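Next comes target-v3.csv, a file with CSV, C-alpha atoms and all ligand atoms.
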```csv
chain,number,residue,atom,x,y,z
A,24,MET,CA,-12.5,-13.9,-5.9
A,25,GLU,CA,-12.8,-13.5,-2.2
A,26,HIS,CA,-12.1,-10.1,-0.7
A,27,VAL,CA,-10.7,-9.7,2.8
A,28,VAL,CA,-11.2,-6.0,2.9
A,29,GLU,CA,-14.1,-4.2,1.3
A,30,LEU,CA,-14.7,-0.4,1.4
A,31,LYS,CA,-17.9,0.8,-0.1
A,32,ASN,CA,-18.6,4.4,-0.7
A,33,VAL,CA,-16.3,5.4,2.1
A,34,THR,CA,-16.1,9.1,2.8
A,35,LYS,CA,-13.9,10.9,5.3
A,36,ASN,CA,-13.6,14.7,5.4
A,37,PHE,CA,-10.8,16.6,7.1
A,38,LYS,CA,-10.3,20.4,6.7
A,39,GLY,CA,-8.7,20.7,3.3
A,40,PHE,CA,-8.7,17.0,2.5
A,41,SER,CA,-11.2,14.3,1.9
A,42,VAL,CA,-11.5,10.7,0.8
A,43,GLU,CA,-14.7,10.6,-1.1
A,44,ASN,CA,-16.9,7.6,-2.0
A,45,MET,CA,-14.0,5.2,-2.0
A,46,ASP,CA,-14.6,1.7,-3.2
A,47,LEU,CA,-11.6,-0.6,-2.4
A,48,GLN,CA,-11.3,-4.3,-2.4
A,49,VAL,CA,-8.3,-6.3,-1.2
A,50,LYS,CA,-8.0,-9.7,-2.7
A,51,LYS,CA,-7.4,-12.7,-0.4
A,52,GLY,CA,-4.1,-14.6,-0.8
A,53,PHE,CA,-2.2,-11.7,-2.5
A,54,VAL,CA,0.0,-8.8,-1.7
A,55,THR,CA,-1.6,-5.5,-2.5
A,56,GLY,CA,0.6,-2.4,-2.5
A,57,PHE,CA,-1.2,0.8,-1.6
A,58,ILE,CA,0.7,3.6,-3.3
A,59,GLY,CA,0.3,7.3,-3.4
A,60,ALA,CA,2.3,10.5,-2.9
A,61,ASN,CA,2.7,12.1,0.5
A,62,GLY,CA,-0.6,13.2,1.8
A,63,ALA,CA,-2.6,11.2,-0.7
A,64,GLY,CA,-4.7,9.5,2.0
A,65,LYS,CA,-2.9,6.2,2.5
A,66,SER,CA,-2.7,6.3,6.3
A,67,THR,CA,-6.2,7.7,6.5
A,68,THR,CA,-7.6,4.8,4.5
A,69,ILE,CA,-5.5,2.2,6.6
A,70,LYS,CA,-6.8,3.8,9.8
A,71,MET,CA,-10.4,3.3,8.6
A,72,ILE,CA,-9.7,-0.3,7.7
A,73,MET,CA,-8.2,-0.8,11.2
A,74,ASN,CA,-11.2,0.9,12.8
A,75,LEU,CA,-8.8,3.5,14.3
A,76,LEU,CA,-10.7,6.2,12.4
A,77,LYS,CA,-14.5,6.3,11.7
A,78,PRO,CA,-15.6,7.1,8.2
A,79,ASP,CA,-18.2,9.9,7.9
A,80,ALA,CA,-20.1,7.7,5.5
A,81,GLY,CA,-19.9,4.3,3.8
A,82,GLU,CA,-19.1,0.8,4.8
A,83,VAL,CA,-15.9,-1.0,5.8
A,84,LYS,CA,-15.9,-4.7,6.0
A,85,VAL,CA,-13.0,-7.0,6.9
A,86,PHE,CA,-13.3,-10.7,6.3
A,87,GLY,CA,-16.9,-9.8,5.3
A,88,LEU,CA,-17.5,-8.7,8.9
A,89,ASP,CA,-18.4,-5.3,10.4
A,90,PHE,CA,-16.4,-3.8,13.2
A,91,LYS,CA,-19.6,-2.7,14.9
A,92,THR,CA,-20.6,-6.3,15.6
A,93,HIS,CA,-17.4,-8.3,15.2
A,94,GLU,CA,-14.5,-6.1,16.4
A,95,LYS,CA,-12.9,-8.8,18.5
A,96,GLU,CA,-13.0,-11.5,15.8
A,97,ILE,CA,-11.6,-9.1,13.2
A,98,LYS,CA,-8.8,-7.9,15.5
A,99,GLU,CA,-7.9,-11.5,16.2
A,100,ARG,CA,-7.3,-12.2,12.5
A,101,ILE,CA,-5.5,-8.9,11.6
A,102,GLY,CA,-1.9,-8.1,12.3
A,103,PHE,CA,-1.1,-4.4,12.1
A,104,VAL,CA,2.6,-3.8,11.5
A,105,TYR,CA,4.1,-0.5,12.2
A,106,ASP,CA,7.5,0.9,13.1
A,107,SER,CA,6.8,2.5,16.5
A,108,ASN,CA,5.7,0.5,19.4
A,109,VAL,CA,3.9,3.3,21.2
A,110,PHE,CA,1.9,0.8,23.2
A,111,TYR,CA,4.8,-1.1,24.4
A,112,GLU,CA,7.2,1.6,25.5
A,113,GLY,CA,9.9,0.1,27.7
A,114,MET,CA,8.9,-3.5,27.2
A,115,ASN,CA,11.2,-6.1,25.7
A,116,LEU,CA,10.1,-9.0,23.4
A,117,LYS,CA,9.8,-11.3,26.4
A,118,ASP,CA,7.4,-8.9,28.0
A,119,ILE,CA,5.5,-8.6,24.8
A,120,LYS,CA,5.1,-12.3,24.6
A,121,ARG,CA,3.8,-12.4,28.2
A,122,VAL,CA,1.4,-9.5,27.8
A,123,VAL,CA,0.3,-9.6,24.1
A,124,GLY,CA,0.3,-13.4,23.7
A,125,PRO,CA,-2.6,-14.3,26.0
A,126,ALA,CA,-4.8,-11.6,24.2
A,127,TYR,CA,-4.9,-13.8,21.1
A,128,LYS,CA,-6.6,-17.2,20.9
A,129,GLN,CA,-4.2,-18.4,18.1
A,130,TRP,CA,-1.0,-17.2,19.7
A,131,ASP,CA,1.9,-19.6,19.4
A,132,ASP,CA,4.9,-19.2,21.7
A,133,HIS,CA,7.0,-21.6,19.6
A,134,LEU,CA,6.3,-19.6,16.4
A,135,PHE,CA,7.1,-16.4,18.2
A,136,TYR,CA,10.6,-17.6,19.3
A,137,GLN,CA,11.1,-19.0,15.8
A,138,TYR,CA,10.5,-15.6,14.2
A,139,VAL,CA,12.5,-13.8,16.8
A,140,GLU,CA,15.4,-16.0,15.9
A,141,GLN,CA,14.8,-15.8,12.2
A,142,PHE,CA,14.6,-12.0,12.3
A,143,GLU,CA,17.7,-11.8,14.6
A,144,LEU,CA,15.9,-9.8,17.3
A,145,PRO,CA,17.2,-9.5,20.8
A,146,LEU,CA,14.7,-10.8,23.4
A,147,ASN,CA,15.9,-8.8,26.4
A,148,LYS,CA,16.5,-5.4,24.9
A,149,SER,CA,13.9,-2.7,25.4
A,150,LEU,CA,11.9,-2.0,22.3
A,151,LYS,CA,12.4,1.7,22.6
A,152,LYS,CA,16.1,1.0,21.9
A,153,PHE,CA,15.2,-0.9,18.7
A,154,SER,CA,16.0,0.7,15.3
A,155,LYS,CA,13.1,1.4,13.0
A,156,GLY,CA,13.8,-1.7,11.0
A,157,MET,CA,14.0,-3.9,14.2
A,158,GLN,CA,10.7,-2.4,15.4
A,159,MET,CA,9.1,-3.3,12.1
A,160,LYS,CA,10.4,-6.8,12.3
A,161,ALA,CA,9.3,-7.2,15.9
A,162,SER,CA,5.8,-6.0,15.0
A,163,LEU,CA,5.8,-8.5,12.1
A,164,ALA,CA,6.9,-11.3,14.4
A,165,VAL,CA,4.0,-10.5,16.7
A,166,ALA,CA,1.5,-10.5,13.8
A,167,LEU,CA,2.8,-13.8,12.5
A,168,SER,CA,2.8,-15.4,16.0
A,169,HIS,CA,-0.9,-14.9,16.4
A,170,ARG,CA,-1.4,-16.3,12.8
A,171,ALA,CA,-2.8,-13.2,11.4
A,172,GLU,CA,-4.6,-13.9,8.1
A,173,LEU,CA,-4.4,-10.3,7.0
A,174,ILE,CA,-1.3,-8.2,7.6
A,175,ILE,CA,-1.6,-4.5,7.2
A,176,MET,CA,1.5,-2.4,7.1
A,177,ASP,CA,1.7,1.4,7.0
A,178,GLU,CA,4.9,2.2,5.0
A,179,PRO,CA,6.9,-0.7,6.3
A,180,THR,CA,10.0,0.2,4.4
A,181,ALA,CA,10.1,4.0,4.9
A,182,GLY,CA,13.3,5.1,6.5
A,183,LEU,CA,15.0,1.7,6.1
A,184,ASP,CA,18.4,1.3,4.5
A,185,PRO,CA,18.3,-0.5,1.1
A,186,ILE,CA,19.7,-3.8,2.5
A,187,PHE,CA,17.2,-3.9,5.4
A,188,ARG,CA,14.4,-2.9,3.0
A,189,ARG,CA,15.2,-5.8,0.7
A,190,GLU,CA,15.5,-8.2,3.6
A,191,LEU,CA,12.0,-7.1,4.8
A,192,LEU,CA,10.6,-7.5,1.3
A,193,ASP,CA,12.1,-11.0,1.1
A,194,LEU,CA,10.5,-11.9,4.4
A,195,LEU,CA,7.1,-10.7,3.1
A,196,GLN,CA,7.6,-12.9,0.0
A,197,GLU,CA,8.5,-15.8,2.2
A,198,ILE,CA,5.5,-15.6,4.4
A,199,MET,CA,3.2,-15.4,1.4
A,200,ILE,CA,4.5,-18.8,0.0
A,201,ASP,CA,1.5,-20.8,1.2
A,202,ARG,CA,-1.0,-18.1,-0.1
A,203,ASN,CA,-3.1,-18.4,3.0
A,204,ARG,CA,-2.3,-14.8,4.0
A,205,THR,CA,-3.1,-11.5,2.6
A,206,ILE,CA,-0.8,-8.5,2.8
A,207,PHE,CA,-1.9,-4.9,2.3
A,208,PHE,CA,0.9,-2.4,2.7
A,209,SER,CA,1.3,1.3,1.9
A,210,THR,CA,4.4,2.8,0.4
A,211,HIS,CA,5.6,5.5,-1.9
A,212,ILE,CA,8.6,3.5,-2.9
A,213,THR,CA,7.7,2.2,-6.3
A,214,THR,CA,10.5,-0.4,-6.5
A,215,ASP,CA,9.0,-2.1,-3.4
A,216,LEU,CA,5.9,-2.9,-5.5
A,217,GLU,CA,7.9,-4.3,-8.4
A,218,ARG,CA,9.5,-6.6,-5.9
A,219,VAL,CA,6.6,-8.0,-4.0
A,220,ALA,CA,3.2,-6.8,-5.0
A,221,ASP,CA,0.6,-8.8,-7.0
A,222,TYR,CA,-1.9,-5.9,-7.1
A,223,ILE,CA,-1.5,-2.2,-6.9
A,224,ALA,CA,-4.1,0.2,-5.5
A,225,PHE,CA,-3.2,3.8,-6.4
A,226,ILE,CA,-4.6,6.7,-4.4
A,227,ASN,CA,-4.3,10.3,-5.4
A,228,LYS,CA,-5.7,13.2,-3.4
A,229,GLY,CA,-8.1,10.9,-1.6
A,230,GLU,CA,-9.3,9.2,-4.7
A,231,LEU,CA,-8.6,5.6,-5.7
A,232,LEU,CA,-7.4,5.9,-9.3
A,233,PHE,CA,-7.0,2.2,-9.9
A,234,ASN,CA,-6.7,-1.2,-8.2
A,235,GLN,CA,-5.2,-3.6,-10.8
A,236,SER,CA,-2.8,-6.6,-11.0
A,237,MET,CA,0.8,-5.7,-11.7
A,238,LEU,CA,0.4,-7.5,-15.0
A,239,ASP,CA,-2.6,-5.4,-16.0
A,240,VAL,CA,-0.8,-2.2,-15.0
A,241,ALA,CA,2.2,-3.3,-17.2
A,242,ASP,CA,-0.1,-4.1,-20.1
A,243,ASN,CA,-2.4,-1.1,-19.9
A,244,TYR,CA,-0.1,1.8,-19.4
A,245,ALA,CA,2.7,3.1,-21.6
A,246,LEU,CA,4.8,6.2,-22.2
A,247,VAL,CA,4.4,7.9,-25.5
A,248,LYS,CA,7.1,10.2,-27.0
A,249,GLY,CA,7.0,12.3,-30.0
A,250,SER,CA,7.1,15.7,-31.5
A,251,VAL,CA,4.9,18.4,-30.2
A,252,GLU,CA,3.4,19.1,-33.6
A,253,LEU,CA,1.6,15.8,-33.5
A,254,LEU,CA,-0.5,17.0,-30.6
A,255,ASP,CA,-4.0,18.4,-31.2
A,256,ARG,CA,-7.4,18.1,-29.6
A,257,ASP,CA,-8.1,14.7,-31.3
A,258,THR,CA,-4.7,13.0,-30.8
A,259,GLU,CA,-4.6,14.1,-27.2
A,260,LYS,CA,-7.7,12.2,-26.5
A,261,SER,CA,-5.7,9.0,-26.5
A,262,LEU,CA,-3.3,10.4,-23.8
A,263,LEU,CA,-3.9,10.7,-20.1
A,264,HIS,CA,-1.4,13.4,-19.2
A,265,VAL,CA,1.0,15.2,-21.4
A,266,HIS,CA,4.4,16.8,-20.6
A,267,ARG,CA,5.4,19.2,-23.4
A,268,ALA,CA,9.0,20.4,-23.7
A,269,SER,CA,10.9,22.2,-26.5
A,270,THR,CA,12.4,18.8,-27.5
A,271,GLY,CA,9.1,17.0,-27.8
A,272,PHE,CA,6.3,15.7,-25.7
A,273,GLU,CA,6.1,12.7,-23.3
A,274,ALA,CA,2.8,11.4,-22.2
A,275,LEU,CA,1.1,8.6,-20.3
A,276,THR,CA,-1.6,6.5,-21.9
A,277,ASP,CA,-3.9,3.8,-20.7
A,278,ASN,CA,-5.0,3.0,-24.2
A,279,ILE,CA,-2.1,1.8,-26.2
A,280,GLN,CA,-4.3,0.7,-29.2
A,281,ALA,CA,-5.9,4.2,-29.5
A,282,VAL,CA,-2.4,5.7,-29.5
A,283,LYS,CA,-1.3,3.3,-32.2
A,284,SER,CA,-4.2,4.1,-34.4
A,285,MET,CA,-4.0,7.8,-33.7
A,286,PHE,CA,-0.3,8.3,-34.2
A,287,GLY,CA,0.8,5.3,-36.2
A,288,ASP,CA,4.6,5.0,-36.4
A,289,SER,CA,5.2,8.7,-35.7
A,290,VAL,CA,5.6,8.2,-31.9
A,291,VAL,CA,7.7,5.9,-29.7
A,292,ILE,CA,5.8,3.8,-27.2
A,293,GLU,CA,7.7,2.6,-24.2
A,294,ARG,CA,6.9,0.6,-21.0
A,295,ALA,CA,5.8,2.9,-18.2
A,296,SER,CA,7.4,2.3,-14.8
A,297,MET,CA,5.3,2.6,-11.6
A,298,GLU,CA,7.1,5.8,-11.0
A,299,ASP,CA,6.2,7.2,-14.4
A,300,ILE,CA,2.5,6.2,-13.8
A,301,MET,CA,2.5,7.9,-10.4
A,302,TYR,CA,4.2,11.0,-11.7
A,303,TYR,CA,1.8,11.5,-14.6
A,304,MET,CA,-1.4,10.4,-12.8
A,305,LYS,CA,-0.6,12.9,-10.1
A,306,GLY,CA,-0.7,15.5,-12.8
A,307,GLY,CA,2.9,16.5,-12.4
A,308,MET,CA,4.4,19.0,-14.8
A,309,GLN,CA,1.4,19.0,-17.1
A,310,HIS,CA,1.5,21.1,-20.2
A,311,VAL,CA,4.8,22.7,-19.3
A,401,LIG,N1,-6.6,13.7,12.1
A,401,LIG,C1,-6.5,14.5,11.1
A,401,LIG,N2,-7.0,15.8,11.1
A,401,LIG,C2,-6.9,16.6,10.0
A,401,LIG,N3,-6.3,16.3,8.9
A,401,LIG,C3,-5.8,15.1,8.8
A,401,LIG,C4,-5.8,14.1,9.9
A,401,LIG,N4,-5.2,13.0,9.5
A,401,LIG,C5,-4.7,13.2,8.2
A,401,LIG,N5,-5.1,14.5,7.8
A,401,LIG,C6,-4.8,15.0,6.5
A,401,LIG,O1,-5.2,14.1,5.5
A,401,LIG,C7,-4.4,14.1,4.4
A,401,LIG,C8,-3.9,12.7,4.1
A,401,LIG,O2,-3.1,12.3,5.1
A,401,LIG,P1,-2.5,10.8,5.2
A,401,LIG,O3,-1.7,10.7,6.4
A,401,LIG,O4,-3.7,9.9,5.0
A,401,LIG,O5,-1.6,10.7,3.8
A,401,LIG,P2,-0.6,9.6,3.4
A,401,LIG,O6,-0.9,9.2,2.0
A,401,LIG,O7,-0.5,8.5,4.4
A,401,LIG,O8,0.8,10.5,3.4
A,401,LIG,P3,2.3,10.1,3.8
A,401,LIG,O9,2.8,9.3,2.6
A,401,LIG,O10,2.9,11.5,3.8
A,401,LIG,O11,2.3,9.4,5.1
A,401,LIG,C9,-3.2,15.1,4.7
A,401,LIG,O12,-3.5,16.3,4.1
A,401,LIG,C10,-3.3,15.2,6.2
A,401,LIG,O13,-2.9,16.5,6.7
```
Could you write out this structure as structure tokens?
Ligand SMILES: Nc1ncnc2c1ncn2[C@@H]1O[C@H](COP(=O)(O)OP(=O)(O)OP(=O)(O)O)[C@@H](O)[C@H]1O
Amino acid sequence: MEHVVELKNVTKNFKGFSVENMDLQVKKGFVTGFIGANGAGKSTTIKMIMNLLKPDAGEVKVFGLDFKTHEKEIKERIGFVYDSNVFYEGMNLKDIKRVVGPAYKQWDDHLFYQYVEQFELPLNKSLKKFSKGMQMKASLAVALSHRAELIIMDEPTAGLDPIFRRELLDLLQEIMIDRNRTIFFSTHITTDLERVADYIAFINKGELLFNQSMLDVADNYALVKGSVELLDRDTEKSLLHVHRASTGFEALTDNIQAVKSMFGDSVVIERASMEDIMYYMKGGMQHV
């Protein structure tokens, strides 16, 4: 399968935080949700994909190309969607069309007006007076109007009210219908993923823990509940993270077969939500 983004052995060190030897592949034609807790390294990774931050080591390729030699071509084909138009302070959408449009070979005025209308955006109002959600939509309209093949969004739904959030997610589904585009978006809202993502890349403390299809995640992970007496060094090997309480234990597993053969019918196995997976993988409340 073709990958539009490929990170190989990427390392970035900040004081007190590092992304180390990250390998990440984003599959063409799908929506990948990039999930992780606050400070997990999502924005840092996105900035490296966008060439806004240089990795200390490793290789970043977008469309199989290197920014060092093909920056212009890559930028032409990417749409970076964000909620603050720092570059366009004071401009309205008409100005944006005039200034930004000519910078892209594939820019289409007709498409731009079509999206402005579909997203119900005002053409003459200054962008700095736009709400967060409107800015996000404006940014998406720009990306779509230059026919970006890869749309990268840093927390597109953060701070949006539930209705607006759902509307934006619906839009993302709509623009994916022909499967010619790829979307990579970061979020820490797990229900966003359940709504639109085909793949989930999960980052924790700068480390990519997995990058799997939604279906594989649903098949591979489960919650296990039972009495604490069942836990010992051997049985715990089938569990990733265990939360003990006086009423019993609850744990996450990525090996349901091993749990079944280890515990038999003495435990309850339930579907793990993305939120459960995040919580346990983050190591929350271990061995309480
Ligand atoms: N320019 C920088 N200099 C030093 N440290 C930085 C810099 N940028 C990010 N960091 C640190 O890197 C870590 C990861 O930050 P990052 O913004 O990538 O996380 P995030 O997953 O996007 O978080 P959030 O969901 O809160 O936006 C944090 O500890 C942050 O303080």
Which residues sit within 8 Å of ligand LIG 401 (chain A), counting all atoms listed in the file, listed as a CSV table (one decimal) with C-alpha atoms, in the coordinates of the input?
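Resulting contents of result04.csv:
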```
chain,number,residue,atom,x,y,z
A,37,PHE,CA,-10.8,16.6,7.1
A,38,LYS,CA,-10.3,20.4,6.7
A,39,GLY,CA,-8.7,20.7,3.3
A,40,PHE,CA,-8.7,17.0,2.5
A,41,SER,CA,-11.2,14.3,1.9
A,58,ILE,CA,0.7,3.6,-3.3
A,59,GLY,CA,0.3,7.3,-3.4
A,60,ALA,CA,2.3,10.5,-2.9
A,61,ASN,CA,2.7,12.1,0.5
A,62,GLY,CA,-0.6,13.2,1.8
A,63,ALA,CA,-2.6,11.2,-0.7
A,64,GLY,CA,-4.7,9.5,2.0
A,65,LYS,CA,-2.9,6.2,2.5
A,66,SER,CA,-2.7,6.3,6.3
A,67,THR,CA,-6.2,7.7,6.5
A,68,THR,CA,-7.6,4.8,4.5
A,177,ASP,CA,1.7,1.4,7.0
A,178,GLU,CA,4.9,2.2,5.0
A,209,SER,CA,1.3,1.3,1.9
A,210,THR,CA,4.4,2.8,0.4
A,211,HIS,CA,5.6,5.5,-1.9
A,226,ILE,CA,-4.6,6.7,-4.4
A,228,LYS,CA,-5.7,13.2,-3.4
A,229,GLY,CA,-8.1,10.9,-1.6
```
Which is closest to Ile174 (chain A) among A:Lys283, A:Lys98, A:Lys35, A:Lys152, if we use only C-alpha atoms? A:Lys98
Can you pull out the residues contacting region 236-249 of chain A? Cut-off 6 Å, using only C-alpha atoms, and skip same-chain residues under 2 positions away; I want them as an MDAnalysis selection string. chainID A and resid 221:222 271:277 290:295
Which neighbours of region 197-202 of chain A fall inside 12 Å, counting all atoms listed in the file, when residues of the same chain fewer than 2 positions from it are skipped, and could you give them as number ranges by chain? A: 50-55, 138, 141, 163-164, 166-168, 170-174, 190-195, 204-207, 219-221
Excluding His26 (chain A) and any residue of its chain fewer than 3 positions from it, enumerate the residues within 8 Å of it, using all atoms listed in the file, and give them as a ChimeraX atom specification. /A:29,48-51,86-87
Which residues, written as a PyMOL selection string, have at least one atom at most 12 Å from region 70-74 of chain A, with only C-alpha atoms counted and residues fewer than 5 positions away on the same chain left out? chain A and resi 27-31+33-35+42+45+47-49+64-65+79-86+88-91+93-95+97-105+173-177+207-209
Select all residues near (2.7, -5.8, 22.0) (cut-off 12 Å, inclusive, file coordinates), counting all atoms listed in the file, and output them as a PyMOL selection string. chain A and resi 102-105+107-127+150+158+161-166+168-169
Would you mind exporting C-alpha atoms of the selected residues as a PDB file, in the coordinates of the input?
```
ATOM      1  CA  GLY A 102      -1.900  -8.100  12.300  1.00  0.00           C
ATOM      2  CA  PHE A 103      -1.100  -4.400  12.100  1.00  0.00           C
ATOM      3  CA  VAL A 104       2.600  -3.800  11.500  1.00  0.00           C
ATOM      4  CA  TYR A 105       4.100  -0.500  12.200  1.00  0.00           C
ATOM      5  CA  SER A 107       6.800   2.500  16.500  1.00  0.00           C
ATOM      6  CA  ASN A 108       5.700   0.500  19.400  1.00  0.00           C
ATOM      7  CA  VAL A 109       3.900   3.300  21.200  1.00  0.00           C
ATOM      8  CA  PHE A 110       1.900   0.800  23.200  1.00  0.00           C
ATOM      9  CA  TYR A 111       4.800  -1.100  24.400  1.00  0.00           C
ATOM     10  CA  GLU A 112       7.200   1.600  25.500  1.00  0.00           C
ATOM     11  CA  GLY A 113       9.900   0.100  27.700  1.00  0.00           C
ATOM     12  CA  MET A 114       8.900  -3.500  27.200  1.00  0.00           C
ATOM     13  CA  ASN A 115      11.200  -6.100  25.700  1.00  0.00           C
ATOM     14  CA  LEU A 116      10.100  -9.000  23.400  1.00  0.00           C
ATOM     15  CA  LYS A 117       9.800 -11.300  26.400  1.00  0.00           C
ATOM     16  CA  ASP A 118       7.400  -8.900  28.000  1.00  0.00           C
ATOM     17  CA  ILE A 119       5.500  -8.600  24.800  1.00  0.00           C
ATOM     18  CA  LYS A 120       5.100 -12.300  24.600  1.00  0.00           C
ATOM     19  CA  ARG A 121       3.800 -12.400  28.200  1.00  0.00           C
ATOM     20  CA  VAL A 122       1.400  -9.500  27.800  1.00  0.00           C
ATOM     21  CA  VAL A 123       0.300  -9.600  24.100  1.00  0.00           C
ATOM     22  CA  GLY A 124       0.300 -13.400  23.700  1.00  0.00           C
ATOM     23  CA  PRO A 125      -2.600 -14.300  26.000  1.00  0.00           C
ATOM     24  CA  ALA A 126      -4.800 -11.600  24.200  1.00  0.00           C
ATOM     25  CA  TYR A 127      -4.900 -13.800  21.100  1.00  0.00           C
ATOM     26  CA  LEU A 150      11.900  -2.000  22.300  1.00  0.00           C
ATOM     27  CA  GLN A 158      10.700  -2.400  15.400  1.00  0.00           C
ATOM     28  CA  ALA A 161       9.300  -7.200  15.900  1.00  0.00           C
ATOM     29  CA  SER A 162       5.800  -6.000  15.000  1.00  0.00           C
ATOM     30  CA  LEU A 163       5.800  -8.500  12.100  1.00  0.00           C
ATOM     31  CA  ALA A 164       6.900 -11.300  14.400  1.00  0.00           C
ATOM     32  CA  VAL A 165       4.000 -10.500  16.700  1.00  0.00           C
ATOM     33  CA  ALA A 166       1.500 -10.500  13.800  1.00  0.00           C
ATOM     34  CA  SER A 168       2.800 -15.400  16.000  1.00  0.00           C
ATOM     35  CA  HIS A 169      -0.900 -14.900  16.400  1.00  0.00           C
TER      36      HIS A 169
END
```
One-decimal distance in Å that lies between CA of Arg188 (chain A) and CA of Asp215 (chain A): 8.4 Å
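Comparing the minimum interatomic distances between Phe57 (chain A) and each of A:Asn203, A:Met159, A:Phe225, A:Thr180, counting only C-alpha atoms, we find that A:Phe225 sits nearest.
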To one decimal place in Å, what is the distance between CA of Lys305 (chain A) and CA of Val265 (chain A)?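 Between these atoms lies a distance of 11.6 Å.
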Please define a box with edges along x, y and z of the file around all atoms of region 150-158 of chain A given in the file, extend it by 5 Å on each side, and return its centre and edge lengths in Å to one decimal, as lines of an AutoDock Vina configuration file.
```
center_x = 13.4
center_y = -1.1
center_z = 16.8
size_x = 15.4
size_y = 15.6
size_z = 21.6
```
What separates CA of Thr214 (chain A) and CA of Met297 (chain A) is a distance of 7.9 Å
Nearest-residue call for Gly182 (chain A), choices A:Ser154, A:Gln129, A:Gln196, A:Asn278, using only C-alpha atoms: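 Ranked by minimum distance to Gly182 (chain A), first place goes to A:Ser154.
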